[in-house]
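K.L.:
For reference, this is final17.txt, and it has compact mmCIF, C-alpha atoms.
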```
# COMPACT_ATOMS: atom_id res chain seq x y z
CA MET A 56 -13.72 154.60 266.64
CA THR A 57 -17.43 155.38 266.79
CA GLU A 58 -19.03 152.45 268.61
CA GLY A 59 -18.84 152.15 272.38
CA TRP A 60 -16.72 154.24 274.73
CA SER A 61 -13.43 155.02 273.03
CA ALA A 62 -10.32 157.01 273.86
CA THR A 63 -7.93 158.49 271.32
CA VAL A 64 -4.63 159.74 272.71
CA LEU A 65 -2.45 162.06 270.63
CA THR A 66 1.12 161.93 271.91
CA LEU A 67 4.79 162.09 270.98
CA PHE A 68 5.30 158.92 273.02
CA PRO A 69 2.67 156.34 271.98
CA GLU A 70 4.76 153.59 273.60
CA MET A 71 3.64 154.93 276.99
CA PHE A 72 0.17 153.50 276.35
CA PRO A 73 -1.68 151.54 277.51
CA GLY A 74 0.91 151.39 280.29
CA PRO A 75 -0.92 151.10 283.64
CA LEU A 76 -4.20 151.08 281.74
CA GLY A 77 -3.34 147.65 280.38
CA ILE A 78 -3.44 145.96 283.79
CA SER A 79 -5.81 145.56 286.73
CA LEU A 80 -9.34 146.97 286.43
CA ALA A 81 -8.77 149.10 283.32
CA GLY A 82 -6.76 146.36 281.61
CA ARG A 83 -9.42 143.72 282.16
CA ALA A 84 -12.05 146.12 280.87
CA LEU A 85 -9.91 146.81 277.80
CA GLU A 86 -9.56 143.10 277.08
CA ALA A 87 -13.30 142.64 277.57
CA GLY A 88 -14.09 145.37 275.06
CA LEU A 89 -15.74 147.67 277.60
CA TRP A 90 -13.62 150.51 276.24
CA ARG A 91 -11.18 150.96 273.38
CA LEU A 92 -7.89 152.78 273.03
CA GLU A 93 -6.25 154.34 270.00
CA THR A 94 -2.83 156.01 270.24
CA VAL A 95 -1.69 158.49 267.62
CA ASP A 96 1.93 159.55 267.13
CA ILE A 97 1.82 163.31 266.48
CA ARG A 98 5.23 163.15 264.83
CA ARG A 99 3.69 161.22 261.91
CA TYR A 100 2.09 164.48 260.82
CA ALA A 101 5.28 166.52 260.65
CA THR A 102 6.15 167.57 257.10
CA ASP A 103 9.89 168.19 257.14
CA ARG A 104 12.59 165.54 256.85
CA HIS A 105 13.48 165.90 260.53
CA ARG A 106 9.85 165.30 261.55
CA SER A 107 9.89 168.46 263.64
CA VAL A 108 6.90 169.03 265.89
CA ASP A 109 8.15 172.09 267.79
CA ASP A 110 9.85 175.44 267.23
CA THR A 111 11.19 178.39 269.19
CA PRO A 112 8.61 180.57 270.98
CA ALA A 113 7.50 183.77 269.28
CA GLY A 114 8.80 186.70 271.30
CA GLY A 115 11.77 184.73 272.57
CA GLY A 116 12.26 182.80 275.75
CA ALA A 117 13.39 179.40 276.92
CA GLY A 118 12.26 176.06 275.59
CA MET A 119 10.24 175.07 272.55
CA VAL A 120 6.54 175.19 271.61
CA MET A 121 4.51 172.53 269.81
CA ARG A 122 3.61 173.75 266.31
CA ALA A 123 0.01 174.57 265.47
CA ASP A 124 0.10 173.15 261.94
CA VAL A 125 1.51 169.75 262.95
CA VAL A 126 -0.86 169.32 265.89
CA ALA A 127 -3.86 170.46 263.83
CA ALA A 128 -3.08 167.88 261.14
CA ALA A 129 -2.90 165.12 263.76
CA VAL A 130 -6.11 166.22 265.45
CA ASP A 131 -8.04 166.53 262.20
CA ALA A 132 -6.99 163.03 261.13
CA VAL A 133 -8.51 161.34 264.19
CA HIS A 134 -11.02 163.86 265.55
CA PRO A 135 -12.77 165.36 262.53
CA ALA A 136 -15.59 167.87 262.68
CA GLY A 137 -18.69 166.17 264.00
CA ASP A 138 -16.86 163.80 266.33
CA PRO A 139 -19.07 163.91 269.47
CA ARG A 140 -16.18 163.21 271.83
CA PRO A 141 -14.69 166.19 273.69
CA LEU A 142 -11.17 167.14 272.66
CA ILE A 143 -9.12 167.69 275.81
CA TYR A 144 -5.66 169.20 276.05
CA LEU A 145 -3.87 168.18 279.26
CA SER A 146 -2.33 171.39 280.54
CA PRO A 147 -1.27 172.77 283.96
CA ARG A 148 -3.18 175.94 283.17
CA GLY A 149 -6.43 174.11 282.49
CA ARG A 150 -9.46 173.84 284.73
CA PRO A 151 -8.89 171.31 287.54
CA LEU A 152 -10.32 167.87 286.81
CA THR A 153 -13.21 167.05 289.13
CA GLN A 154 -15.17 163.92 289.87
CA LYS A 155 -18.20 165.66 288.34
CA ARG A 156 -16.35 166.08 285.03
CA VAL A 157 -15.12 162.49 285.24
CA ARG A 158 -18.72 161.26 285.57
CA GLU A 159 -19.75 163.40 282.61
CA LEU A 160 -17.00 161.91 280.46
CA ALA A 161 -17.92 158.37 281.54
CA SER A 162 -21.51 158.93 280.46
CA GLY A 163 -20.49 160.14 277.00
CA PRO A 164 -19.17 158.41 273.87
CA GLY A 165 -15.50 158.74 274.78
CA VAL A 166 -12.73 161.32 274.69
CA ALA A 167 -9.81 162.52 272.57
CA LEU A 168 -6.78 163.57 274.62
CA LEU A 169 -3.88 165.68 273.46
CA CYS A 170 -0.70 165.29 275.49
CA GLY A 171 1.42 168.42 275.51
CA ARG A 172 5.20 168.55 275.72
CA PHE A 173 7.95 171.18 275.90
CA GLU A 174 6.71 174.63 276.97
CA GLY A 175 3.22 173.93 275.67
CA LEU A 176 1.11 174.23 272.56
CA ASP A 177 0.61 177.11 270.13
CA GLN A 178 -2.46 178.95 271.41
CA ARG A 179 -3.92 179.31 267.93
CA VAL A 180 -4.60 175.59 267.51
CA ILE A 181 -6.14 175.43 270.99
CA GLU A 182 -8.60 178.12 269.95
CA ALA A 183 -9.13 176.89 266.38
CA ARG A 184 -9.98 173.35 267.46
CA GLN A 185 -11.91 174.51 270.56
CA MET A 186 -9.91 172.34 272.93
CA GLU A 187 -10.96 171.92 276.54
CA GLU A 188 -7.93 172.48 278.76
CA VAL A 189 -7.79 170.24 281.84
CA SER A 190 -5.29 170.13 284.69
CA LEU A 191 -4.73 167.48 287.36
CA GLY A 192 -3.58 170.04 289.91
CA ASP A 193 -1.22 172.86 290.74
CA PHE A 194 1.97 171.17 289.63
CA VAL A 195 3.87 170.61 286.39
CA LEU A 196 4.64 167.25 284.76
CA SER A 197 7.22 166.53 282.07
CA GLY A 198 4.36 165.93 279.63
CA GLY A 199 0.66 165.28 279.34
CA GLU A 200 0.93 161.50 279.14
CA PRO A 201 0.81 160.76 282.90
CA ALA A 202 -2.13 163.14 283.21
CA ALA A 203 -3.92 161.40 280.34
CA ILE A 204 -3.42 158.03 282.01
CA ALA A 205 -4.78 159.35 285.29
CA LEU A 206 -7.83 160.91 283.60
CA LEU A 207 -8.60 157.73 281.69
CA ASP A 208 -8.20 155.57 284.79
CA ALA A 209 -10.67 157.76 286.68
CA VAL A 210 -13.21 157.58 283.85
CA ILE A 211 -12.87 153.91 282.88
CA ARG A 212 -13.67 152.61 286.36
CA LEU A 213 -17.07 154.34 286.12
CA LEU A 214 -18.03 152.74 282.81
CA PRO A 215 -20.89 150.20 283.03
CA GLY A 216 -19.65 146.73 283.87
CA VAL A 217 -16.12 147.74 284.85
CA MET A 218 -16.44 147.68 288.64
CA GLY A 219 -17.62 144.42 290.17
CA LYS A 220 -20.12 146.05 292.52
CA GLU A 221 -22.02 149.02 291.13
CA ALA A 222 -22.27 150.46 294.64
CA SER A 223 -18.52 150.27 295.24
CA GLY A 224 -17.96 153.83 294.02
CA GLU A 225 -20.86 155.53 295.74
CA ASP A 226 -19.09 156.33 299.02
CA GLU A 227 -15.70 157.27 297.59
CA SER A 228 -14.01 160.63 297.98
CA PHE A 229 -15.69 163.48 296.08
CA GLU A 230 -18.79 161.47 295.10
CA GLY A 231 -20.98 163.23 297.69
CA GLY A 232 -18.89 166.37 297.95
CA LEU A 233 -16.86 164.93 300.85
CA LEU A 234 -13.64 163.03 301.28
CA GLU A 235 -14.02 159.35 302.08
CA TYR A 236 -14.27 158.02 305.63
CA PRO A 237 -11.41 155.84 307.00
CA HIS A 238 -11.42 152.07 306.47
CA TYR A 239 -10.52 149.14 308.71
CA THR A 240 -10.23 145.36 308.38
CA ARG A 241 -8.66 142.42 310.21
CA PRO A 242 -6.81 141.97 312.47
CA GLN A 243 -9.03 143.35 315.22
CA THR A 244 -5.97 144.74 317.02
CA PHE A 245 -2.93 146.13 315.20
CA GLU A 246 0.03 147.42 317.25
CA GLY A 247 -2.30 148.27 320.11
CA ARG A 248 -4.83 150.04 317.88
CA GLU A 249 -8.39 148.67 317.83
CA ILE A 250 -11.01 148.84 315.13
CA PRO A 251 -13.60 151.43 316.26
CA PRO A 252 -16.23 149.40 318.18
CA VAL A 253 -19.13 150.89 316.20
CA LEU A 254 -17.88 149.15 313.05
CA THR A 255 -18.21 145.72 314.64
CA SER A 256 -21.46 146.48 316.48
CA GLY A 257 -23.70 145.12 313.74
CA ASP A 258 -25.83 148.27 313.93
CA HIS A 259 -25.91 149.46 310.31
CA GLY A 260 -27.54 152.77 311.22
CA LYS A 261 -24.78 153.63 313.67
CA VAL A 262 -22.11 152.53 311.18
CA LYS A 263 -23.58 154.80 308.52
CA ALA A 264 -23.76 157.74 310.92
CA TRP A 265 -20.18 157.17 312.09
CA ARG A 266 -18.88 157.03 308.55
CA ARG A 267 -20.71 160.21 307.61
CA ALA A 268 -19.33 162.03 310.66
CA ARG A 269 -15.78 160.91 309.90
CA ALA A 270 -16.13 161.95 306.25
CA GLU A 271 -17.28 165.41 307.29
CA GLU A 272 -14.54 165.69 309.92
CA THR A 273 -11.82 164.65 307.48
CA THR A 274 -13.05 167.00 304.76
CA LYS A 275 -13.27 169.95 307.13
CA GLU A 276 -9.75 169.31 308.41
CA ARG A 277 -7.94 168.47 305.17
CA ARG A 278 -9.88 170.27 302.45
CA PRO A 279 -11.57 173.40 303.80
CA ASP A 280 -12.28 174.44 300.22
CA LEU A 281 -14.36 171.30 299.65
CA TRP A 282 -16.01 171.68 303.04
CA GLU A 283 -17.13 175.23 302.26
CA LYS A 284 -18.50 174.12 298.89
CA PHE A 285 -20.30 171.21 300.55
CA LEU A 286 -21.96 173.59 303.02
CA ARG A 287 -22.97 175.97 300.22
CA ASP A 288 -24.44 173.19 298.11
CA ARG A 289 -26.37 171.79 301.07
CA SER A 290 -27.92 175.11 302.05
```
Would you kindly transcribe this structure into structure tokens?
P.N.:
Amino acid sequence: MTEGWSATVLTLFPEMFPGPLGISLAGRALEAGLWRLETVDIRRYATDRHRSVDDTPAGGGAGMVMRADVVAAAVDAVHPAGDPRPLIYLSPRGRPLTQKRVRELASGPGVALLCGRFEGLDQRVIEARQMEEVSLGDFVLSGGEPAAIALLDAVIRLLPGVMGKEASGEDESFEGGLLEYPHYTRPQTFEGREIPPVLTSGDHGKVKAWRRARAEETTKERRPDLWEKFLRDRS
């Protein structure tokens, strides 16, 4: 998969893909050839008759760990040396995924994603294959597949030609360092609540200023960490 933006997903559950990525915006883009998806069953690269992909953790402890040799064989088969796409391991201990990183991935040739399972992956293969560890947040999933789907959804919508209006993503949360302003539409009155008059005033300058103020207010209230970063970056 070398032409166009392509995603390779290494997983123990290939039947989970494309899943949500096969419908709506991402699905239409997939059908249109704006991006391509390859799923790889890691278990195909197991060498014993039981097709084992995991083993007990060195040093003892609960659970199982994905084997370095099996994962390395799967990775090398679909992401050989020289592949320009980043190799990302979805892991709760990875660096948090940001909109900045999403934009970087969308502007590149594609991505190879490794979905972890069990207690995680043997550290040696992470280091040997120079994997980038990425997390969706401070919580733990049953596996990396939902995280891979979320990452791909975030990236695909930014690919050229995927969104109907190129400007539709410019004012979204995180794009300018702020959370998005609130939205309203018809009816004019809903359960006694009115649309803010400025939004129906026809004054585009006032609308823009109102939206900016609400975005700053919401960010300051809900995400003080983002607000502090926004202030630092602006100074």
K.L.:
Would you mind telling me which residue in A:Tyr100, A:Arg158, A:Pro215, A:Phe194 lies nearest to Gly59 of chain A when using only C-alpha atoms?
P.N.:
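Among the listed residues, the smallest separation from Gly59 of chain A belongs to A:Pro215.
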K.L.:
What gap, in Å, lies between atom CA of Val157 of chain A and atom CA of Ile143 of chain A?
P.N.:
12.3 Å
K.L.:
Would you mind listing what lies within 12 Å of segment 69-73 of chain A as a PyMOL selection string, with only C-alpha atoms counted and same-chain residues fewer than 4 positions away left out?
P.N.:
chain A and resi 62-65+77-79+81-83+85-86+91-99+169-170+198-205+207-208
K.L.:
Can I get the selected residues back with C-alpha atoms, as a PDB file, keeping the file's coordinate frame?
P.N.:
```
ATOM      1  CA  ALA A  62     -10.320 157.010 273.860  1.00  0.00           C
ATOM      2  CA  THR A  63      -7.930 158.490 271.320  1.00  0.00           C
ATOM      3  CA  VAL A  64      -4.630 159.740 272.710  1.00  0.00           C
ATOM      4  CA  LEU A  65      -2.450 162.060 270.630  1.00  0.00           C
ATOM      5  CA  GLY A  77      -3.340 147.650 280.380  1.00  0.00           C
ATOM      6  CA  ILE A  78      -3.440 145.960 283.790  1.00  0.00           C
ATOM      7  CA  SER A  79      -5.810 145.560 286.730  1.00  0.00           C
ATOM      8  CA  ALA A  81      -8.770 149.100 283.320  1.00  0.00           C
ATOM      9  CA  GLY A  82      -6.760 146.360 281.610  1.00  0.00           C
ATOM     10  CA  ARG A  83      -9.420 143.720 282.160  1.00  0.00           C
ATOM     11  CA  LEU A  85      -9.910 146.810 277.800  1.00  0.00           C
ATOM     12  CA  GLU A  86      -9.560 143.100 277.080  1.00  0.00           C
ATOM     13  CA  ARG A  91     -11.180 150.960 273.380  1.00  0.00           C
ATOM     14  CA  LEU A  92      -7.890 152.780 273.030  1.00  0.00           C
ATOM     15  CA  GLU A  93      -6.250 154.340 270.000  1.00  0.00           C
ATOM     16  CA  THR A  94      -2.830 156.010 270.240  1.00  0.00           C
ATOM     17  CA  VAL A  95      -1.690 158.490 267.620  1.00  0.00           C
ATOM     18  CA  ASP A  96       1.930 159.550 267.130  1.00  0.00           C
ATOM     19  CA  ILE A  97       1.820 163.310 266.480  1.00  0.00           C
ATOM     20  CA  ARG A  98       5.230 163.150 264.830  1.00  0.00           C
ATOM     21  CA  ARG A  99       3.690 161.220 261.910  1.00  0.00           C
ATOM     22  CA  LEU A 169      -3.880 165.680 273.460  1.00  0.00           C
ATOM     23  CA  CYS A 170      -0.700 165.290 275.490  1.00  0.00           C
ATOM     24  CA  GLY A 198       4.360 165.930 279.630  1.00  0.00           C
ATOM     25  CA  GLY A 199       0.660 165.280 279.340  1.00  0.00           C
ATOM     26  CA  GLU A 200       0.930 161.500 279.140  1.00  0.00           C
ATOM     27  CA  PRO A 201       0.810 160.760 282.900  1.00  0.00           C
ATOM     28  CA  ALA A 202      -2.130 163.140 283.210  1.00  0.00           C
ATOM     29  CA  ALA A 203      -3.920 161.400 280.340  1.00  0.00           C
ATOM     30  CA  ILE A 204      -3.420 158.030 282.010  1.00  0.00           C
ATOM     31  CA  ALA A 205      -4.780 159.350 285.290  1.00  0.00           C
ATOM     32  CA  LEU A 207      -8.600 157.730 281.690  1.00  0.00           C
ATOM     33  CA  ASP A 208      -8.200 155.570 284.790  1.00  0.00           C
TER      34      ASP A 208
END
```
K.L.:
Name the closest residue to Ala87 of chain A among the candidates A:Ile211, A:Val195, A:Val217, A:Leu160; distances are taken between atoms, counting all atoms listed in the file.
P.N.:
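The closest residue to Ala87 of chain A is A:Val217.
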K.L.:
Given the choices A:Ala127, A:Leu233, A:Leu152, A:Met186, which gets closest to Ala209 of chain A if the distance is worked out from all atoms listed in the file?
P.N.:
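Among the listed residues, the smallest separation from Ala209 of chain A belongs to A:Leu152.
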